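Undergrad: Coordinates in model_27.cif, mmCIF, C-alpha atoms and all ligand atoms, are listed below.
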```
data_final
#
loop_
_atom_site.label_atom_id
_atom_site.label_comp_id
_atom_site.auth_asym_id
_atom_site.auth_seq_id
_atom_site.Cartn_x
_atom_site.Cartn_y
_atom_site.Cartn_z
CA MET A 1 194.39 327.52 80.91
CA SER A 2 195.38 330.61 78.97
CA HIS A 3 195.32 334.01 80.60
CA ASP A 4 195.11 337.55 79.30
CA LEU A 5 198.11 338.77 81.21
CA VAL A 6 200.74 337.39 83.55
CA LEU A 7 202.91 339.50 85.83
CA GLU A 8 205.82 337.13 86.02
CA ASN A 9 208.25 336.41 88.80
CA GLY A 10 207.93 339.58 90.85
CA GLU A 11 207.93 340.42 94.54
CA ILE A 12 204.19 340.38 95.21
CA VAL A 13 203.25 342.86 97.93
CA PHE A 14 200.15 341.62 99.76
CA PRO A 15 198.98 344.79 101.55
CA GLY A 16 198.97 344.60 105.31
CA GLN A 17 200.34 341.06 105.20
CA THR A 18 203.56 340.02 103.55
CA ILE A 19 205.74 340.06 100.46
CA ARG A 20 206.41 336.91 98.45
CA ARG A 21 208.00 336.06 95.12
CA GLY A 22 205.66 334.74 92.44
CA SER A 23 203.50 335.56 89.45
CA VAL A 24 199.98 336.92 89.10
CA ALA A 25 197.69 335.67 86.35
CA VAL A 26 194.90 337.88 85.05
CA LYS A 27 191.80 336.97 83.07
CA GLY A 28 188.72 339.03 82.23
CA GLY A 29 189.98 342.00 84.25
CA LYS A 30 190.22 339.98 87.46
CA ILE A 31 193.02 338.25 89.28
CA ALA A 32 192.73 334.60 88.23
CA ALA A 33 195.57 333.03 90.20
CA ILE A 34 198.65 333.65 92.30
CA LEU A 35 201.43 331.38 91.08
CA ASP A 36 204.47 330.23 92.95
CA ARG A 37 207.92 331.07 91.75
CA GLY A 38 208.77 329.07 88.63
CA GLU A 39 205.20 327.99 87.87
CA VAL A 40 204.51 328.78 84.23
CA CYS A 41 201.28 329.56 82.46
CA ASN A 42 200.29 330.82 79.04
CA ALA A 43 199.08 334.32 78.50
CA ALA A 44 198.49 336.78 75.67
CA ARG A 45 200.97 339.09 77.35
CA VAL A 46 203.68 338.50 79.92
CA ILE A 47 205.32 341.32 81.86
CA ASP A 48 208.65 340.32 83.37
CA CYS A 49 208.58 341.57 86.97
CA THR A 50 211.94 340.18 88.06
CA ASP A 51 213.32 342.32 90.91
CA ARG A 52 210.19 344.45 90.82
CA TRP A 53 207.40 344.97 93.31
CA ILE A 54 203.92 343.96 92.21
CA LEU A 55 201.83 346.29 94.35
CA PRO A 56 198.06 346.65 94.47
CA GLY A 57 197.04 349.69 92.41
CA VAL A 58 197.03 352.87 94.48
CA ILE A 59 193.59 354.13 95.55
CA ASP A 60 194.01 357.78 96.50
CA PRO A 61 191.33 358.49 99.12
CA HIS A 62 191.46 362.30 98.85
CA THR A 63 191.37 364.29 95.61
CA HIS A 64 189.59 367.32 94.24
CA ILE A 65 188.83 366.55 90.60
CA GLY A 66 187.13 369.56 89.03
CA PHE A 67 189.02 372.28 90.91
CA GLY A 68 191.23 372.85 87.85
CA ASP A 69 189.51 372.71 84.48
CA LYS A 70 186.20 371.11 85.60
CA GLU A 71 185.25 368.10 83.39
CA ASN A 72 188.62 368.01 81.62
CA ASP A 73 190.18 367.25 84.99
CA TRP A 74 188.74 363.77 84.67
CA ALA A 75 191.09 363.16 81.75
CA THR A 76 194.19 365.12 82.74
CA GLU A 77 194.27 364.34 86.46
CA THR A 78 193.48 360.64 86.16
CA ALA A 79 196.16 360.26 83.46
CA THR A 80 198.57 362.00 85.84
CA ALA A 81 197.41 359.67 88.58
CA ALA A 82 197.98 356.58 86.42
CA LEU A 83 201.61 357.61 85.90
CA GLY A 84 201.89 357.48 89.69
CA GLY A 85 200.58 353.92 89.92
CA VAL A 86 197.06 355.03 90.80
CA THR A 87 194.19 352.85 89.58
CA GLY A 88 191.41 354.39 91.69
CA LEU A 89 190.71 357.67 93.38
CA MET A 90 188.07 359.17 95.60
CA SER A 91 187.06 362.73 94.75
CA PHE A 92 185.06 365.23 96.76
CA TRP A 93 181.87 366.35 95.05
CA ARG A 94 180.23 369.56 96.21
CA HIS A 95 177.08 371.06 94.73
CA ASP A 96 173.98 372.82 96.10
CA ASP A 97 171.79 370.22 94.41
CA LEU A 98 173.53 366.88 94.78
CA GLY A 99 170.52 364.97 93.46
CA ALA A 100 170.51 366.72 90.10
CA SER A 101 174.26 367.19 89.65
CA THR A 102 175.79 363.88 90.69
CA GLY A 103 174.60 361.75 87.75
CA PRO A 104 176.03 364.10 85.11
CA TRP A 105 179.28 364.40 87.08
CA ILE A 106 179.70 360.62 87.18
CA ALA A 107 178.92 360.44 83.43
CA ALA A 108 181.57 363.09 82.74
CA GLY A 109 184.06 360.97 84.67
CA GLU A 110 183.19 357.72 82.94
CA ALA A 111 183.63 359.42 79.55
CA ARG A 112 187.14 360.61 80.36
CA ALA A 113 188.82 358.86 83.29
CA GLU A 114 191.96 356.74 83.00
CA THR A 115 191.42 355.35 86.51
CA ASP A 116 188.41 354.13 88.42
CA PHE A 117 186.86 356.72 90.67
CA GLY A 118 184.39 357.17 93.50
CA LEU A 119 182.84 360.19 95.17
CA HIS A 120 182.55 361.62 98.66
CA PHE A 121 179.68 364.07 99.09
CA GLY A 122 180.55 367.50 100.48
CA VAL A 123 177.84 368.32 103.03
CA THR A 124 177.44 372.07 103.47
CA SER A 125 173.69 372.56 104.04
CA ARG A 126 170.74 371.17 105.94
CA ARG A 127 169.26 370.14 102.60
CA HIS A 128 172.27 367.87 102.01
CA VAL A 129 171.74 366.24 105.40
CA ALA A 130 168.02 365.76 104.75
CA GLU A 131 168.69 364.12 101.38
CA LEU A 132 171.68 362.01 102.43
CA GLY A 133 169.88 358.71 102.97
CA GLU A 134 168.26 358.75 99.55
CA LEU A 135 171.32 360.09 97.71
CA SER A 136 173.70 357.58 99.27
CA LYS A 137 171.55 354.69 98.05
CA ARG A 138 170.96 356.14 94.60
CA PHE A 139 174.61 356.91 93.87
CA GLY A 140 176.36 354.33 96.03
CA VAL A 141 178.14 356.90 98.20
CA THR A 142 178.87 355.96 101.81
CA SER A 143 181.19 358.81 102.76
CA ILE A 144 180.64 362.51 103.25
CA LYS A 145 182.76 365.42 104.34
CA VAL A 146 181.82 368.25 106.66
CA TYR A 147 184.01 371.34 106.52
CA LEU A 148 184.32 372.82 109.98
CA MET A 149 186.68 375.42 108.55
CA TYR A 150 183.74 376.83 106.57
CA LYS A 151 181.94 377.99 109.68
CA GLY A 152 180.99 381.63 110.09
CA ALA A 153 182.75 384.33 108.09
CA THR A 154 185.16 381.90 106.38
CA GLY A 155 182.27 379.88 105.00
CA ALA A 156 180.16 382.92 104.12
CA ALA A 157 183.01 384.17 101.92
CA LYS A 158 182.68 380.92 99.96
CA GLY A 159 178.87 380.98 99.91
CA PHE A 160 178.36 378.46 102.73
CA THR A 161 176.04 379.89 105.37
CA GLU A 162 174.80 376.78 107.18
CA VAL A 163 178.01 375.20 108.49
CA ASP A 164 177.86 375.00 112.27
CA ASP A 165 177.91 372.40 115.05
CA ALA A 166 174.24 371.61 114.41
CA LEU A 167 175.08 370.70 110.82
CA LEU A 168 177.97 368.55 112.02
CA PHE A 169 175.86 366.69 114.56
CA SER A 170 172.91 366.15 112.23
CA ALA A 171 175.31 364.94 109.50
CA LEU A 172 176.68 362.41 112.01
CA GLN A 173 173.13 361.29 112.82
CA ALA A 174 172.36 360.91 109.12
CA GLY A 175 175.70 359.17 108.50
CA ALA A 176 174.93 356.65 111.24
CA LYS A 177 171.88 355.54 109.25
CA VAL A 178 173.86 354.94 106.04
CA LYS A 179 175.09 351.36 105.73
CA GLY A 180 178.88 351.55 105.97
CA GLY A 181 178.56 355.29 106.49
CA VAL A 182 181.58 357.33 107.53
CA VAL A 183 181.68 361.07 108.12
CA GLY A 184 184.95 362.76 107.24
CA VAL A 185 185.63 366.14 108.74
CA HIS A 186 188.01 368.96 107.92
CA CYS A 187 189.15 369.86 111.42
CA GLU A 188 190.36 373.42 111.88
CA ASN A 189 188.86 375.90 114.34
CA THR A 190 188.22 378.80 112.04
CA GLU A 191 186.75 381.01 114.76
CA VAL A 192 190.06 381.20 116.63
CA ILE A 193 192.23 381.74 113.54
CA PRO A 194 191.82 385.58 113.49
CA VAL A 195 193.36 385.76 116.98
CA PHE A 196 196.62 384.63 115.39
CA ARG A 197 196.17 385.84 111.84
CA ASP A 198 195.48 389.51 112.47
CA PRO A 199 198.74 390.26 114.33
CA LEU A 200 200.77 388.27 111.78
CA LYS A 201 199.28 390.28 108.94
CA ALA A 202 199.77 393.52 110.86
CA ALA A 203 203.43 392.61 111.35
CA GLY A 204 203.85 392.23 107.59
CA ARG A 205 204.58 388.50 107.70
CA ASP A 206 204.48 386.86 104.27
CA ASP A 207 206.23 383.52 104.74
CA LEU A 208 205.03 379.93 104.74
CA ALA A 209 205.65 379.51 108.47
CA ALA A 210 203.15 382.33 109.09
CA TRP A 211 200.46 380.16 107.49
CA ASP A 212 201.12 377.55 110.17
CA GLU A 213 201.24 380.15 112.93
CA GLN A 214 197.82 381.58 111.94
CA SER A 215 196.20 378.14 112.37
CA PRO A 216 198.40 376.13 114.73
CA GLY A 217 198.01 372.38 115.08
CA PHE A 218 196.00 372.55 118.28
CA LEU A 219 193.13 374.24 116.42
CA GLU A 220 192.88 371.01 114.43
CA THR A 221 193.15 368.93 117.60
CA GLU A 222 190.33 370.86 119.29
CA ASN A 223 188.01 370.09 116.36
CA VAL A 224 189.12 366.44 116.38
CA PHE A 225 187.83 366.13 119.93
CA ARG A 226 184.45 367.59 118.99
CA VAL A 227 184.10 365.32 115.97
CA ALA A 228 185.09 362.17 117.85
CA PHE A 229 182.87 362.99 120.83
CA PHE A 230 179.84 363.87 118.70
CA GLY A 231 180.50 360.80 116.56
CA GLU A 232 180.38 358.63 119.65
CA LYS A 233 177.11 360.24 120.81
CA ALA A 234 175.56 359.95 117.33
CA GLY A 235 176.81 356.41 116.88
CA CYS A 236 178.67 357.22 113.67
CA ASP A 237 182.13 356.22 112.46
CA VAL A 238 184.22 359.28 111.71
CA ASN A 239 187.30 359.97 109.66
CA ILE A 240 189.74 362.74 110.46
CA VAL A 241 190.78 363.62 106.92
CA HIS A 242 194.14 365.18 106.06
CA MET A 243 195.44 365.09 109.65
CA SER A 244 198.40 367.43 109.95
CA ALA A 245 199.32 367.65 113.65
CA VAL A 246 200.78 364.93 115.83
CA GLU A 247 198.83 366.29 118.81
CA SER A 248 195.64 365.34 116.96
CA LEU A 249 196.88 361.79 116.54
CA ASP A 250 197.78 361.58 120.23
CA LEU A 251 194.23 362.64 121.08
CA VAL A 252 192.70 360.04 118.75
CA ARG A 253 194.83 357.35 120.40
CA ARG A 254 193.34 358.32 123.77
CA LEU A 255 189.77 358.46 122.50
CA ARG A 256 189.68 355.21 120.55
CA HIS A 257 187.81 352.39 122.25
CA LYS A 258 186.73 349.02 120.93
CA ASP A 259 183.13 349.54 122.03
CA ARG A 260 182.76 352.95 120.42
CA PRO A 261 182.33 354.06 116.79
CA ARG A 262 185.58 354.08 114.88
CA ILE A 263 187.82 357.11 114.67
CA ASN A 264 189.67 356.68 111.39
CA VAL A 265 192.65 358.83 110.51
CA GLU A 266 193.83 359.89 107.09
CA THR A 267 196.94 361.93 106.46
CA CYS A 268 198.47 363.19 103.24
CA ILE A 269 201.88 362.89 101.64
CA HIS A 270 202.64 366.58 102.18
CA TYR A 271 202.22 366.20 105.94
CA LEU A 272 204.67 363.30 105.67
CA SER A 273 207.31 365.02 103.55
CA LEU A 274 207.02 368.83 103.52
CA THR A 275 207.27 371.30 106.39
CA ARG A 276 206.45 374.94 107.06
CA ASP A 277 210.18 375.57 106.76
CA CYS A 278 210.47 374.33 103.15
CA PRO A 279 211.46 377.11 100.72
CA LEU A 280 208.12 376.93 98.92
CA GLY A 281 206.55 380.27 99.83
CA PRO A 282 202.87 380.52 98.84
CA ILE A 283 203.16 377.31 96.77
CA GLY A 284 203.18 375.47 100.08
CA LYS A 285 199.94 377.05 101.29
CA VAL A 286 197.39 374.38 102.13
CA ASN A 287 194.62 373.83 104.69
CA PRO A 288 195.43 372.56 107.25
CA PRO A 289 198.90 374.14 107.03
CA LEU A 290 202.24 372.41 106.65
CA ARG A 291 203.72 371.89 110.12
CA PRO A 292 207.18 371.63 111.70
CA GLN A 293 209.37 368.56 111.19
CA SER A 294 208.33 367.17 114.60
CA ASP A 295 204.79 366.71 113.30
CA VAL A 296 206.07 364.99 110.15
CA ASP A 297 208.08 362.57 112.27
CA GLY A 298 205.20 361.96 114.67
CA LEU A 299 202.74 361.22 111.87
CA TRP A 300 205.21 358.73 110.39
CA GLU A 301 205.28 356.90 113.71
CA GLY A 302 201.50 356.75 113.45
CA VAL A 303 201.79 355.16 110.02
CA ARG A 304 204.33 352.66 111.34
CA ALA A 305 202.10 351.73 114.27
CA GLY A 306 198.97 351.42 112.13
CA ASP A 307 197.25 354.32 113.93
CA ILE A 308 196.82 356.10 110.60
CA GLN A 309 194.64 354.06 108.25
CA THR A 310 194.82 355.88 104.92
CA ILE A 311 197.11 358.29 103.07
CA GLY A 312 196.07 360.57 100.22
CA SER A 313 197.30 363.47 98.15
CA ASP A 314 194.54 366.11 98.58
CA HIS A 315 195.31 366.77 94.90
CA VAL A 316 194.15 370.24 93.80
CA PRO A 317 195.07 370.87 90.13
CA ARG A 318 195.17 374.65 89.88
CA LYS A 319 197.71 376.86 88.06
CA VAL A 320 200.76 378.30 89.81
CA SER A 321 199.43 381.78 88.94
CA THR A 322 196.81 381.30 91.69
CA LYS A 323 199.54 380.73 94.30
CA GLY A 324 200.26 384.35 95.05
CA PRO A 325 201.16 387.11 95.07
CA ASP A 326 201.51 386.61 98.82
CA ILE A 327 200.74 383.93 101.39
CA TRP A 328 197.45 385.59 102.40
CA SER A 329 195.91 385.85 98.93
CA ALA A 330 197.27 382.64 97.39
CA THR A 331 194.85 379.75 96.85
CA ALA A 332 195.15 376.85 99.27
CA GLY A 333 196.09 373.37 98.11
CA PHE A 334 198.37 371.95 95.42
CA PRO A 335 198.72 368.92 93.13
CA GLY A 336 200.34 365.66 94.28
CA ILE A 337 198.44 362.62 93.06
CA ALA A 338 201.38 361.19 91.11
CA GLN A 339 203.71 361.47 94.12
CA VAL A 340 201.79 359.33 96.64
CA LEU A 341 203.68 356.14 95.95
CA PRO A 342 207.12 357.78 95.40
CA VAL A 343 206.86 359.71 98.70
CA LEU A 344 205.81 356.61 100.65
CA ILE A 345 208.65 354.57 99.15
CA GLU A 346 211.33 357.22 99.72
CA GLU A 347 210.25 358.64 103.08
CA GLY A 348 208.59 355.57 104.56
CA TYR A 349 210.35 352.53 103.16
CA HIS A 350 213.88 353.84 102.61
CA LYS A 351 214.31 356.57 105.23
CA ARG A 352 212.23 355.01 108.01
CA GLN A 353 212.36 351.29 107.19
CA ILE A 354 208.60 350.86 107.32
CA PRO A 355 207.74 347.60 105.53
CA ILE A 356 206.37 348.10 102.03
CA GLU A 357 203.37 345.89 102.81
CA ARG A 358 202.32 348.22 105.62
CA LEU A 359 202.73 351.32 103.45
CA ALA A 360 200.80 349.62 100.65
CA ALA A 361 197.86 348.94 102.98
CA THR A 362 197.31 352.68 103.56
CA ILE A 363 196.73 353.24 99.84
CA SER A 364 194.90 350.04 98.92
CA CYS A 365 193.04 347.64 101.22
CA ASN A 366 192.51 350.15 104.03
CA VAL A 367 190.93 352.59 101.58
CA ALA A 368 188.79 349.83 100.07
CA ASP A 369 187.61 348.71 103.52
CA LEU A 370 186.86 352.22 104.79
CA TYR A 371 184.93 353.22 101.68
CA SER A 372 183.27 349.87 100.89
CA LEU A 373 184.92 349.35 97.50
CA PRO A 374 184.09 345.78 96.50
CA GLY A 375 186.78 343.81 94.67
CA LYS A 376 189.39 346.52 95.22
CA GLY A 377 192.60 346.91 97.17
CA ARG A 378 193.90 343.35 97.49
CA ILE A 379 195.96 340.88 95.50
CA ALA A 380 193.84 337.75 95.65
CA PRO A 381 191.87 335.65 93.17
CA GLY A 382 188.58 337.29 92.23
CA TYR A 383 189.75 340.83 92.97
CA ASP A 384 190.08 343.44 90.25
CA ALA A 385 193.43 343.18 88.46
CA ASP A 386 194.67 346.61 89.56
CA PHE A 387 198.44 346.92 89.98
CA ALA A 388 201.34 349.30 90.26
CA ILE A 389 204.62 347.70 89.24
CA VAL A 390 207.65 349.38 90.76
CA ASP A 391 211.33 349.00 90.04
CA PRO A 392 212.87 349.67 93.46
CA ALA A 393 216.26 350.28 91.83
CA GLY A 394 214.85 353.04 89.61
CA GLN A 395 214.26 356.70 90.37
CA THR A 396 211.45 359.22 90.05
CA SER A 397 212.45 362.84 89.50
CA VAL A 398 209.54 365.23 89.81
CA ALA A 399 209.00 367.87 87.13
CA ALA A 400 205.55 369.39 86.64
CA ASP A 401 205.77 369.22 82.84
CA ALA A 402 206.25 365.44 82.96
CA TYR A 403 202.52 365.03 83.67
CA PRO A 404 199.38 365.86 81.67
CA SER A 405 197.85 367.58 84.72
CA PHE A 406 196.04 370.90 84.21
CA SER A 407 198.31 372.13 86.97
CA ASP A 408 201.64 373.60 85.86
CA TYR A 409 203.69 373.31 89.05
CA SER A 410 204.44 370.92 91.90
CA PRO A 411 205.48 371.46 95.49
CA TYR A 412 207.58 368.31 95.00
CA ALA A 413 209.36 369.65 91.89
CA GLY A 414 213.09 369.05 91.84
CA ARG A 415 212.93 366.16 94.28
CA THR A 416 214.20 362.72 93.33
CA TYR A 417 212.67 359.66 94.94
CA ARG A 418 214.04 356.14 94.91
CA GLY A 419 211.76 353.73 93.04
CA ALA A 420 210.25 354.01 89.56
CA ILE A 421 206.68 353.12 88.61
CA THR A 422 207.03 351.15 85.38
CA HIS A 423 203.49 349.84 84.81
CA THR A 424 199.99 350.69 85.96
CA ILE A 425 197.33 348.10 85.29
CA LEU A 426 193.62 348.82 85.64
CA ARG A 427 191.34 345.77 85.66
CA GLY A 428 193.81 343.94 83.43
CA THR A 429 194.36 346.84 81.03
CA VAL A 430 197.91 348.16 80.87
CA VAL A 431 197.35 351.90 81.29
CA VAL A 432 201.00 352.80 81.84
CA ASP A 433 203.49 350.67 79.91
CA ASP A 434 207.17 350.96 80.72
CA GLY A 435 206.63 354.42 82.17
CA TRP A 436 204.49 355.77 79.33
CA LEU A 437 200.74 356.25 79.08
CA SER A 438 199.17 353.80 76.65
CA PRO A 439 197.00 355.53 74.04
CA GLU A 440 194.47 352.66 73.96
CA PRO A 441 191.90 352.14 75.18
CA ALA A 442 190.91 355.71 75.97
CA ALA A 443 189.14 356.34 79.26
CA PRO A 444 188.93 352.83 80.71
CA GLY A 445 187.98 354.25 84.13
CA ARG A 446 184.70 353.32 85.75
CA TYR A 447 182.65 354.74 88.57
CA MET A 448 183.03 352.79 91.81
CA HIS A 449 179.54 352.23 93.21
CA ARG A 450 180.01 351.35 96.86
CA ALA A 451 178.63 348.14 98.23
CA PRO A 452 178.90 347.88 102.01
ZN ZN B 501 189.73 369.61 103.83
#
```
Go through the file and emit its structure as structure tokens.
TA:
Amino acid sequence: MSHDLVLENGEIVFPGQTIRRGSVAVKGGKIAAILDRGEVCNAARVIDCTDRWILPGVIDPHTHIGFGDKENDWATETATAALGGVTGLMSFWRHDDLGASTGPWIAAGEARAETDFGLHFGVTSRRHVAELGELSKRFGVTSIKVYLMYKGATGAAKGFTEVDDALLFSALQAGAKVKGGVVGVHCENTEVIPVFRDPLKAAGRDDLAAWDEQSPGFLETENVFRVAFFGEKAGCDVNIVHMSAVESLDLVRRLRHKDRPRINVETCIHYLSLTRDCPLGPIGKVNPPLRPQSDVDGLWEGVRAGDIQTIGSDHVPRKVSTKGPDIWSATAGFPGIAQVLPVLIEEGYHKRQIPIERLAATISCNVADLYSLPGKGRIAPGYDADFAIVDPAGQTSVAADAYPSFSDYSPYAGRTYRGAITHTILRGTVVVDDGWLSPEPAAPGRYMHRAP
């Protein structure tokens, strides 16, 4: 039998399971067979993967496509993502009228994207909650996000006037009725923040550590309790997105119970590799804030133990000119989608000896399971032929101008990570070839309709 593509003689990383030498045969965009070492088969193209990892394509569970240059982000940010071994991403979609706006937004993505993509709905109003059941069926969306940090004055400044505990609880009730539904929550107690922020501002503080001090980790942890407790009462699985504080993880460990709804945890590569003490200034401003090294180390132990299910970038592709002039007026968030795999390999695999198959699970099969992505996230016959091929002996040096992103800076700039992503393959199409974006075909990305 002749195949379209064979990834020959590599170290196949089966996420969450094992690593084994062999080849992967691809036909019609799907994985056709896993071949043992030395087994040969014909194919239109063979990529020699000797001494390379054949990883499942990265699915970044947390991105903000559209925060940079709106529709053009679909092209620039997904191309950037592909260079980082990403074949799928989940992006947050917020709009007053989700029913009218979601179809055109998906069409804009399908016209431009270099990776597959799915959406999480941002729920900021009672109307969103009321419409959730219908919208989730129509658009195949099983996950939503509630922004507890947009309560009260903080939300009003952004035009959100309905975010409160009633909205959270009713969103959990509505989420419980969605098949495969999971409610993600931005946990940060915004009502307490001024208690810390006002004196810091009055004292003239303008450093990155002050951003942590104005919203310390326990304000996240307090919200985590509320979300988990309400989730249990509403009978809805929850997801603590972008967890930043180890105290929050300790709480989740205590609250988890096999007979209760699931408490999933996501963290992001910046909480695993950057701290409040990095010399980044306002570039490092993000919500929740970067924390001390002890939190970084504690979250890594959560990854090692499997207590953290998914890892994302929280990619926000704005210009560096928005990151100032001081810590208080800078925008929050920064780009990072191309660094997910490099950070996990350097900080997780090399520095902390966490097996590559466990790290891979957090950015492939665990994401696919949590968000009901059929045919994604595993290396097995019948699954989509999505891969990141990595040369572990290579290196990745981060420079913002190496990527087509709308963003013109990176908090990871100047860092060098062990491991080089040589190829990215999306449903059998080689999107990144020997480290370079392929010009053809343009925009192979498709919308991922969820099928729980
Ligand atoms: Zn958030």
Undergrad: Using only C-alpha atoms, which residues sit within 8 Å of region 49-53 of chain A once same-chain residues fewer than 2 positions away are excluded, as a list in words?
TA: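 Counting only the stated atoms, we get Leu7, Glu8, Asn9, Gly10, Glu11, Ile12, Val13, Ile47, Leu55, Ile389, Val390, Asp391 and Pro392 of chain A.
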Undergrad: Those same residues, written as a CSV table (one decimal), in the coordinates of the input with C-alpha atoms?
TA:
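File produced: again_38.csv:
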```
chain,number,residue,atom,x,y,z
A,7,LEU,CA,202.9,339.5,85.8
A,8,GLU,CA,205.8,337.1,86.0
A,9,ASN,CA,208.2,336.4,88.8
A,10,GLY,CA,207.9,339.6,90.8
A,11,GLU,CA,207.9,340.4,94.5
A,12,ILE,CA,204.2,340.4,95.2
A,13,VAL,CA,203.2,342.9,97.9
A,47,ILE,CA,205.3,341.3,81.9
A,55,LEU,CA,201.8,346.3,94.4
A,389,ILE,CA,204.6,347.7,89.2
A,390,VAL,CA,207.6,349.4,90.8
A,391,ASP,CA,211.3,349.0,90.0
A,392,PRO,CA,212.9,349.7,93.5
```
Undergrad: May I have the residues within 12 Å of Glu347 (chain A) as a PyMOL selection string, using only C-alpha atoms and disregarding those fewer than 5 positions away in the same chain?
TA: chain A and resi 269-274+296-297+299-301+303-304+339-342+352-356+359+415-419
Undergrad: Check every protein, DNA and RNA residue against ligand ZN 501 (chain B), keep those with an atom at most 8 Å away (counting only C-alpha atoms and all ligand atoms), and present them as a ChimeraX atom specification.
TA: /A:147,185-187,241-242,287-288,314
Undergrad: Nearest to Ala420 (chain A): which of A:Gly99, A:Gly84, A:Gly38, A:Gly22 is it, counting only C-alpha atoms?
TA: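 Going through A:Gly99, A:Gly84, A:Gly38, A:Gly22 one by one, the smallest distance to Ala420 (chain A) is for A:Gly84.
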Undergrad: Quick one: residues within 8 Å of region 263-267 of chain A, only C-alpha atoms counted, chain neighbours fewer than 3 positions away excluded, as a PyMOL selection string?
TA: chain A and resi 228+237-244+249+252+256+271-272+299+307-312
Undergrad: How about saving the chosen residues, C-alpha atoms kept, as a short mmCIF file (atom, residue, chain, number, x, y, z; two decimals), in the frame of the given file?
TA:
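So out-v7.cif came out as:
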```cif
data_model
loop_
_atom_site.label_atom_id
_atom_site.label_comp_id
_atom_site.auth_asym_id
_atom_site.auth_seq_id
_atom_site.Cartn_x
_atom_site.Cartn_y
_atom_site.Cartn_z
CA ALA A 228 185.09 362.17 117.85
CA ASP A 237 182.13 356.22 112.46
CA VAL A 238 184.22 359.28 111.71
CA ASN A 239 187.30 359.97 109.66
CA ILE A 240 189.74 362.74 110.46
CA VAL A 241 190.78 363.62 106.92
CA HIS A 242 194.14 365.18 106.06
CA MET A 243 195.44 365.09 109.65
CA SER A 244 198.40 367.43 109.95
CA LEU A 249 196.88 361.79 116.54
CA VAL A 252 192.70 360.04 118.75
CA ARG A 256 189.68 355.21 120.55
CA TYR A 271 202.22 366.20 105.94
CA LEU A 272 204.67 363.30 105.67
CA LEU A 299 202.74 361.22 111.87
CA ASP A 307 197.25 354.32 113.93
CA ILE A 308 196.82 356.10 110.60
CA GLN A 309 194.64 354.06 108.25
CA THR A 310 194.82 355.88 104.92
CA ILE A 311 197.11 358.29 103.07
CA GLY A 312 196.07 360.57 100.22
#
```
Undergrad: Between CA of Glu114 (chain A) and CA of Ser136 (chain A), what distance in Å does the model show, to one decimal?
TA: 24.5 Å
Undergrad: One decimal, Å: what's the distance from CA of Gly377 (chain A) over to CA of Asn72 (chain A), could you say?
TA: 26.5 Å
Undergrad: Given all atoms listed in the file as the basis, pick out the residue of A:Tyr447, A:Phe160, A:Phe334, A:Trp105 nearest to Ser407 (chain A).
TA: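 The closest residue to Ser407 (chain A) is A:Phe334.
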